[in-house]
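Pasting target.pdb here (PDB, C-alpha atoms):
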```pdb
ATOM      1  CA  MET A  14      24.498  68.698  46.410
ATOM      2  CA  PRO A  15      22.605  71.769  45.048
ATOM      3  CA  PHE A  16      19.203  72.417  46.611
ATOM      4  CA  GLY A  17      16.180  72.605  44.338
ATOM      5  CA  LEU A  18      16.989  69.690  42.050
ATOM      6  CA  ILE A  19      13.972  67.410  41.678
ATOM      7  CA  SER A  20      16.044  64.259  42.139
ATOM      8  CA  ALA A  21      18.276  65.634  44.925
ATOM      9  CA  GLN A  22      16.670  63.678  47.779
ATOM     10  CA  ASP A  23      16.631  60.393  45.883
ATOM     11  CA  GLU A  24      20.238  60.837  44.815
ATOM     12  CA  LEU A  25      21.350  61.693  48.352
ATOM     13  CA  GLN A  26      19.646  58.615  49.776
ATOM     14  CA  ARG A  27      21.166  56.420  47.068
ATOM     15  CA  ARG A  28      24.672  57.711  47.834
ATOM     16  CA  ILE A  29      24.240  57.101  51.570
ATOM     17  CA  GLU A  30      22.908  53.592  50.908
ATOM     18  CA  GLU A  31      25.929  52.845  48.738
ATOM     19  CA  ALA A  32      28.349  54.236  51.331
ATOM     20  CA  LEU A  33      26.922  52.250  54.266
ATOM     21  CA  GLU A  34      25.833  49.138  52.387
ATOM     22  CA  GLY A  35      26.356  45.967  54.405
ATOM     23  CA  ILE A  36      26.425  47.648  57.823
ATOM     24  CA  PRO A  37      24.240  45.527  60.179
ATOM     25  CA  GLY A  38      21.151  47.314  61.509
ATOM     26  CA  PHE A  39      21.465  50.135  58.956
ATOM     27  CA  SER A  40      18.473  51.889  57.380
ATOM     28  CA  VAL A  41      18.029  55.345  55.862
ATOM     29  CA  ILE A  42      15.252  57.606  54.569
ATOM     30  CA  VAL A  43      16.717  60.594  52.694
ATOM     31  CA  ASP A  44      19.351  61.769  55.222
ATOM     32  CA  ASP A  45      17.874  60.251  58.401
ATOM     33  CA  ILE A  46      19.991  57.255  59.334
ATOM     34  CA  ILE A  47      19.196  54.590  61.928
ATOM     35  CA  ILE A  48      21.705  52.062  63.244
ATOM     36  CA  SER A  49      20.136  49.427  65.496
ATOM     37  CA  GLY A  50      21.092  46.278  67.367
ATOM     38  CA  LYS A  51      19.313  43.596  69.373
ATOM     39  CA  THR A  52      21.712  43.999  72.311
ATOM     40  CA  THR A  53      23.836  46.852  73.649
ATOM     41  CA  GLU A  54      26.983  45.118  72.457
ATOM     42  CA  GLU A  55      25.569  44.512  68.982
ATOM     43  CA  HIS A  56      24.304  48.094  68.777
ATOM     44  CA  ASP A  57      27.689  49.544  69.758
ATOM     45  CA  ALA A  58      29.508  47.329  67.258
ATOM     46  CA  ASN A  59      27.134  48.352  64.454
ATOM     47  CA  VAL A  60      27.495  52.059  65.273
ATOM     48  CA  ARG A  61      31.274  51.717  65.370
ATOM     49  CA  SER A  62      31.273  50.007  61.972
ATOM     50  CA  ALA A  63      29.011  52.717  60.532
ATOM     51  CA  LEU A  64      31.205  55.545  61.831
ATOM     52  CA  ILE A  65      34.353  53.932  60.448
ATOM     53  CA  ARG A  66      32.689  53.402  57.068
ATOM     54  CA  ALA A  67      31.344  56.966  57.015
ATOM     55  CA  ARG A  68      34.851  58.310  57.584
ATOM     56  CA  GLU A  69      36.269  56.072  54.862
ATOM     57  CA  LYS A  70      33.598  57.134  52.348
ATOM     58  CA  GLY A  71      33.691  60.827  53.233
ATOM     59  CA  VAL A  72      30.176  60.933  54.697
ATOM     60  CA  LYS A  73      30.023  63.897  57.084
ATOM     61  CA  LEU A  74      27.726  63.739  60.118
ATOM     62  CA  ASN A  75      26.399  66.634  62.200
ATOM     63  CA  LEU A  76      27.173  65.613  65.785
ATOM     64  CA  GLN A  77      24.495  67.966  67.167
ATOM     65  CA  LYS A  78      21.860  66.015  65.244
ATOM     66  CA  CYS A  79      23.156  62.589  66.248
ATOM     67  CA  ILE A  80      21.425  60.662  69.042
ATOM     68  CA  PHE A  81      23.100  57.625  70.565
ATOM     69  CA  LYS A  82      21.810  54.652  72.574
ATOM     70  CA  CYS A  83      18.069  55.402  72.560
ATOM     71  CA  ASP A  84      15.352  52.975  73.622
ATOM     72  CA  SER A  85      12.971  54.752  71.234
ATOM     73  CA  ILE A  86      13.349  57.323  68.488
ATOM     74  CA  PRO A  87      10.994  59.393  66.292
ATOM     75  CA  TYR A  88      11.433  58.504  62.633
ATOM     76  CA  PHE A  89       9.381  60.051  59.824
ATOM     77  CA  GLY A  90       6.179  60.483  61.795
ATOM     78  CA  HIS A  91       6.505  57.244  63.728
ATOM     79  CA  VAL A  92       8.163  56.207  66.977
ATOM     80  CA  ILE A  93      10.337  53.097  66.795
ATOM     81  CA  SER A  94      11.210  51.280  70.013
ATOM     82  CA  GLU A  95      12.357  47.875  71.206
ATOM     83  CA  ASN A  96       8.686  46.875  71.514
ATOM     84  CA  GLY A  97       7.532  47.900  68.061
ATOM     85  CA  ILE A  98       6.356  50.949  66.146
ATOM     86  CA  HIS A  99       3.586  53.477  66.792
ATOM     87  CA  PRO A 100       2.613  56.897  65.413
ATOM     88  CA  VAL A 101       3.833  60.165  66.887
ATOM     89  CA  PRO A 102       1.373  61.078  69.709
ATOM     90  CA  GLN A 103       0.885  64.658  68.482
ATOM     91  CA  LYS A 104      -0.436  63.456  65.117
ATOM     92  CA  VAL A 105      -2.794  60.990  66.788
ATOM     93  CA  ARG A 106      -4.139  63.689  69.097
ATOM     94  CA  ALA A 107      -4.764  66.035  66.153
ATOM     95  CA  LEU A 108      -6.779  63.348  64.387
ATOM     96  CA  ARG A 109      -8.792  62.471  67.477
ATOM     97  CA  GLU A 110      -9.744  66.123  67.944
ATOM     98  CA  MET A 111     -10.646  66.863  64.320
ATOM     99  CA  ARG A 112     -14.102  68.343  63.792
ATOM    100  CA  THR A 113     -16.703  67.355  61.239
ATOM    101  CA  PRO A 114     -15.771  68.725  57.783
ATOM    102  CA  TYR A 115     -18.061  71.275  56.147
ATOM    103  CA  THR A 116     -16.542  71.329  52.665
ATOM    104  CA  LYS A 117     -15.055  68.851  50.212
ATOM    105  CA  ASP A 118     -11.616  70.427  50.642
ATOM    106  CA  GLU A 119     -11.804  69.934  54.409
ATOM    107  CA  LEU A 120     -12.807  66.297  53.930
ATOM    108  CA  GLN A 121      -9.926  65.699  51.515
ATOM    109  CA  THR A 122      -7.517  67.126  54.080
ATOM    110  CA  ILE A 123      -8.940  64.856  56.781
ATOM    111  CA  LEU A 124      -8.712  61.784  54.542
ATOM    112  CA  GLY A 125      -5.077  62.628  53.919
ATOM    113  CA  MET A 126      -4.461  62.815  57.668
ATOM    114  CA  ILE A 127      -6.287  59.527  58.204
ATOM    115  CA  ASN A 128      -4.202  57.898  55.488
ATOM    116  CA  TYR A 129      -1.136  58.565  57.643
ATOM    117  CA  LEU A 130      -2.575  56.102  60.187
ATOM    118  CA  ALA A 131      -3.875  53.641  57.577
ATOM    119  CA  ARG A 132      -1.410  50.924  58.544
ATOM    120  CA  TYR A 133      -2.612  51.079  62.166
ATOM    121  CA  ILE A 134      -6.370  50.850  61.518
ATOM    122  CA  PRO A 135      -7.817  47.451  60.552
ATOM    123  CA  ASN A 136     -10.378  47.436  57.722
ATOM    124  CA  LEU A 137      -9.890  51.141  57.068
ATOM    125  CA  SER A 138     -10.861  50.803  53.407
ATOM    126  CA  SER A 139     -14.318  49.599  54.424
ATOM    127  CA  ILE A 140     -14.720  52.068  57.283
ATOM    128  CA  ASN A 141     -13.898  55.178  55.269
ATOM    129  CA  GLN A 142     -15.641  54.103  52.042
ATOM    130  CA  PRO A 143     -18.611  56.500  52.549
ATOM    131  CA  LEU A 144     -16.205  59.425  53.007
ATOM    132  CA  ARG A 145     -14.199  58.539  49.915
ATOM    133  CA  ASP A 146     -17.423  58.248  47.939
ATOM    134  CA  LEU A 147     -18.521  61.679  49.161
ATOM    135  CA  VAL A 148     -15.332  63.288  47.863
ATOM    136  CA  LYS A 149     -16.209  62.025  44.376
ATOM    137  CA  GLN A 150     -19.692  63.574  44.437
ATOM    138  CA  ARG A 151     -20.298  66.914  42.736
ATOM    139  CA  GLN A 152     -22.399  68.135  45.663
ATOM    140  CA  PHE A 153     -21.054  67.959  49.206
ATOM    141  CA  LYS A 154     -23.913  66.716  51.389
ATOM    142  CA  TRP A 155     -22.970  65.344  54.816
ATOM    143  CA  GLU A 156     -25.450  62.664  55.946
ATOM    144  CA  GLN A 157     -25.839  60.184  58.803
ATOM    145  CA  HIS A 158     -23.800  57.388  57.213
ATOM    146  CA  HIS A 159     -20.933  59.827  56.703
ATOM    147  CA  ASP A 160     -21.113  60.805  60.348
ATOM    148  CA  THR A 161     -21.104  57.131  61.360
ATOM    149  CA  SER A 162     -18.022  56.480  59.240
ATOM    150  CA  PHE A 163     -16.279  59.538  60.687
ATOM    151  CA  THR A 164     -17.089  58.471  64.251
ATOM    152  CA  ASN A 165     -15.917  54.896  63.656
ATOM    153  CA  ILE A 166     -12.592  56.148  62.350
ATOM    154  CA  LYS A 167     -12.053  58.355  65.399
ATOM    155  CA  GLU A 168     -12.952  55.461  67.689
ATOM    156  CA  SER A 169     -10.425  53.266  65.874
ATOM    157  CA  ILE A 170      -7.790  55.940  66.414
ATOM    158  CA  CYS A 171      -8.597  55.941  70.123
ATOM    159  CA  GLY A 172      -7.699  52.251  70.298
ATOM    160  CA  SER A 173      -4.241  50.712  70.514
ATOM    161  CA  LEU A 174      -2.058  52.001  67.685
ATOM    162  CA  GLU A 175       1.107  49.959  67.918
ATOM    163  CA  PHE A 176       2.756  47.182  65.973
ATOM    164  CA  PHE A 177       4.978  44.612  67.612
ATOM    165  CA  ASP A 178       8.006  42.820  66.234
ATOM    166  CA  PRO A 179       7.309  39.107  65.702
ATOM    167  CA  THR A 180       9.360  36.504  67.529
ATOM    168  CA  THR A 181      10.056  32.870  66.724
ATOM    169  CA  GLY A 182       6.797  30.948  66.729
ATOM    170  CA  ASN A 183       3.427  30.750  65.047
ATOM    171  CA  VAL A 184       1.630  33.767  63.644
ATOM    172  CA  GLU A 185      -2.080  34.154  62.954
ATOM    173  CA  LEU A 186      -3.638  35.654  59.820
ATOM    174  CA  GLN A 187      -7.229  36.884  60.009
ATOM    175  CA  VAL A 188      -9.077  38.065  56.911
ATOM    176  CA  ASP A 189     -12.393  39.826  56.511
ATOM    177  CA  ALA A 190     -14.453  41.155  53.642
ATOM    178  CA  SER A 191     -17.326  43.574  53.285
ATOM    179  CA  LYS A 192     -19.239  44.777  50.260
ATOM    180  CA  PHE A 193     -16.728  47.527  49.561
ATOM    181  CA  GLY A 194     -13.377  46.365  50.950
ATOM    182  CA  LEU A 195     -10.971  43.738  52.221
ATOM    183  CA  GLY A 196      -9.063  43.639  55.491
ATOM    184  CA  ALA A 197      -6.399  41.437  57.044
ATOM    185  CA  THR A 198      -4.589  41.260  60.379
ATOM    186  CA  LEU A 199      -1.303  39.476  61.012
ATOM    187  CA  SER A 200      -0.714  38.889  64.720
ATOM    188  CA  GLN A 201       1.222  36.818  67.226
ATOM    189  CA  ASN A 202      -0.029  35.983  70.716
ATOM    190  CA  GLY A 203      -2.842  38.499  70.261
ATOM    191  CA  LYS A 204      -0.459  41.358  69.402
ATOM    192  CA  PRO A 205      -0.770  42.983  65.958
ATOM    193  CA  ILE A 206       2.180  42.769  63.596
ATOM    194  CA  LEU A 207       0.536  44.255  60.520
ATOM    195  CA  PHE A 208      -2.836  45.481  59.249
ATOM    196  CA  ALA A 209      -3.738  45.619  55.571
ATOM    197  CA  SER A 210      -6.853  46.767  53.747
ATOM    198  CA  ARG A 211      -7.991  47.930  50.344
ATOM    199  CA  SER A 212     -11.201  48.854  48.580
ATOM    200  CA  LEU A 213     -12.876  46.669  45.959
ATOM    201  CA  ASN A 214     -13.580  47.749  42.409
ATOM    202  CA  SER A 215     -17.050  47.402  40.907
ATOM    203  CA  THR A 216     -16.323  43.926  39.510
ATOM    204  CA  GLU A 217     -14.817  42.603  42.746
ATOM    205  CA  GLN A 218     -17.810  43.831  44.735
ATOM    206  CA  ASN A 219     -19.888  41.156  42.999
ATOM    207  CA  TYR A 220     -17.669  38.319  44.247
ATOM    208  CA  SER A 221     -18.994  36.018  46.957
ATOM    209  CA  ARG A 222     -17.712  36.549  50.487
ATOM    210  CA  ILE A 223     -15.568  33.393  50.282
ATOM    211  CA  GLU A 224     -14.009  34.571  47.010
ATOM    212  CA  LYS A 225     -13.239  37.955  48.536
ATOM    213  CA  GLU A 226     -11.558  36.475  51.591
ATOM    214  CA  LEU A 227      -9.432  34.156  49.450
TER     215      LEU A 227
END
```
Mind turning this structure into C-alpha cells?
Amino acid sequence: MPFGLISAQDELQRRIEEALEGIPGFSVIVDDIIISGKTTEEHDANVRSALIRAREKGVKLNLQKCIFKCDSIPYFGHVISENGIHPVPQKVRALREMRTPYTKDELQTILGMINYLARYIPNLSSINQPLRDLVKQRQFKWEQHHDTSFTNIKESICGSLEFFDPTTGNVELQVDASKFGLGATLSQNGKPILFASRSLNSTEQNYSRIEKEL
C-alpha cells in the first residue's frame, strides 16, 4: 500500500481484520496484532490458527517483529498482562516529573499528556476543570486553585494505575458528582475495572446532586 495516503492506515487495519476475522483472541490496531488465550494450550491453538489464516490470505509477517508467548506486552502506550492493563512506565514518570506550566501552550501540552492517562484517573474531569478553564482564558494567569488542581492530578498519577479483568461474580458501580463534572468507578473485590468521567455543561451544572448522579 502506498505511503502518504490519508486513509492508508484505516484501509490496512480493515484488510487485516477481514483476513483474520473469527480467529479467537485476535485484535489489531493498524498493523499491531495481538493473539491471546486464557491458557497456554488455548494461546498456542489461537496463534496456530492465525498463522495458517495469514498464509492462506497472503498476509506477510516480519518474524523479527513477532513476539511469542509473553506474559505481558506493550501495546499502543499501554502494557497488557494476564492481570490487567496499565500505562507504559516511562509515560507515567514523565507526567509525574512535569513542572508547572508558564504559558498557555505549555498547559495545553500538559493537558494532552494527562488525557493519555484519563481512563486511569477517577473524576479527572472535575480535578482538571480549573486547568481547562484557564486554557480558554485570553490571559494566562496561574493562581492557587490552578496549582491545587495540578498537584492533585500528579498525586493521582502517583497512585495505582492499573485495571483488572473482571471475573465471574458481582461488580460494584460507584458514582460521584461535583459542580463541574461526573465520575464513576466500576470495580470488583476492591479492584478497579474501569473509570469514567466527564465535565458538565452550563445547564447540567444547575442539576441537583441526585440528578447528576443518576
May I ask for the distance between atom CA of Tyr88 of chain A and atom CA of Ala21 of chain A, given in Å to one decimal place?
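Going from atom CA of Tyr88 of chain A over to atom CA of Ala21 of chain A covers 20.3 Å.
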If the PyMOL selection byres ((chain A and resi 133) around 8) is run on the structure shown, which residues does it catch, given as a list in words?
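Output from the PyMOL selection byres ((chain A and resi 133) around 8), applied to this file: Leu130, Ala131, Arg132, Ile134, Pro135, Leu174, Glu175, Phe176, Leu207 and Phe208 of chain A.
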Tell me which residues come within 12 Å of (1.7, 34.2, 69.4), as a PyMOL selection string, counting all atoms listed in the file in the file's coordinates.
chain A and resi 177-186+199-206
Running the PyMOL selection byres ((chain A and resi 108) around 9) on this model by hand, what would come out? Give it as JSON, numbers by chain.
{"A": [103, 104, 105, 106, 107, 109, 110, 111, 112, 123, 126, 127, 167, 170]}
Within 12 Å of segment 218-221 of chain A using all atoms listed in the file, minus same-chain residues under 6 positions, as a JSON list (two decimals) with C-alpha atoms, in the coordinates of the input:
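The result, stored in result-v6.json:
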```json
[["chain", "number", "residue", "atom", "x", "y", "z"],
["A", 139, "SER", "CA", -14.32, 49.60, 54.42],
["A", 190, "ALA", "CA", -14.45, 41.16, 53.64],
["A", 191, "SER", "CA", -17.33, 43.57, 53.28],
["A", 192, "LYS", "CA", -19.24, 44.78, 50.26],
["A", 193, "PHE", "CA", -16.73, 47.53, 49.56],
["A", 194, "GLY", "CA", -13.38, 46.36, 50.95],
["A", 195, "LEU", "CA", -10.97, 43.74, 52.22],
["A", 212, "SER", "CA", -11.20, 48.85, 48.58],
["A", 227, "LEU", "CA", -9.43, 34.16, 49.45]]
```
Please enumerate the residues selected by the PyMOL selection byres ((chain A and resi 44-53) around 10) when evaluated against the supplied file, formatted as a PyMOL selection string.
chain A and resi 22-23+25-30+33+36-43+54-63+74+78-83+86+88-89+95
I need the residues from that last selection saved to file as a tab-separated table (two decimals), in the coordinates of the input (with C-alpha atoms), if you can.
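Output saved as result.tsv:
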```
chain	number	residue	atom	x	y	z
A	22	GLN	CA	16.67	63.68	47.78
A	23	ASP	CA	16.63	60.39	45.88
A	25	LEU	CA	21.35	61.69	48.35
A	26	GLN	CA	19.65	58.62	49.78
A	27	ARG	CA	21.17	56.42	47.07
A	28	ARG	CA	24.67	57.71	47.83
A	29	ILE	CA	24.24	57.10	51.57
A	30	GLU	CA	22.91	53.59	50.91
A	33	LEU	CA	26.92	52.25	54.27
A	36	ILE	CA	26.42	47.65	57.82
A	37	PRO	CA	24.24	45.53	60.18
A	38	GLY	CA	21.15	47.31	61.51
A	39	PHE	CA	21.46	50.14	58.96
A	40	SER	CA	18.47	51.89	57.38
A	41	VAL	CA	18.03	55.34	55.86
A	42	ILE	CA	15.25	57.61	54.57
A	43	VAL	CA	16.72	60.59	52.69
A	54	GLU	CA	26.98	45.12	72.46
A	55	GLU	CA	25.57	44.51	68.98
A	56	HIS	CA	24.30	48.09	68.78
A	57	ASP	CA	27.69	49.54	69.76
A	58	ALA	CA	29.51	47.33	67.26
A	59	ASN	CA	27.13	48.35	64.45
A	60	VAL	CA	27.50	52.06	65.27
A	61	ARG	CA	31.27	51.72	65.37
A	62	SER	CA	31.27	50.01	61.97
A	63	ALA	CA	29.01	52.72	60.53
A	74	LEU	CA	27.73	63.74	60.12
A	78	LYS	CA	21.86	66.02	65.24
A	79	CYS	CA	23.16	62.59	66.25
A	80	ILE	CA	21.42	60.66	69.04
A	81	PHE	CA	23.10	57.62	70.56
A	82	LYS	CA	21.81	54.65	72.57
A	83	CYS	CA	18.07	55.40	72.56
A	86	ILE	CA	13.35	57.32	68.49
A	88	TYR	CA	11.43	58.50	62.63
A	89	PHE	CA	9.38	60.05	59.82
A	95	GLU	CA	12.36	47.88	71.21
```
I'd like the contact shell of Gln150 of chain A - 12 Å cut-off, all atoms listed in the file, skipping same-chain residues fewer than 5 positions apart - returned as a list of chain:residue names.
A:Thr116, A:Lys117, A:Pro143, A:Leu144, A:Arg145, A:Trp155
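A straight line drawn from atom CA of Asn128 of chain A to atom CA of His91 of chain A is 13.5 Å long.
Our summary of the geometry notes that atom CA of Glu168 of chain A is positioned 18.0 Å from atom CA of Thr198 of chain A.
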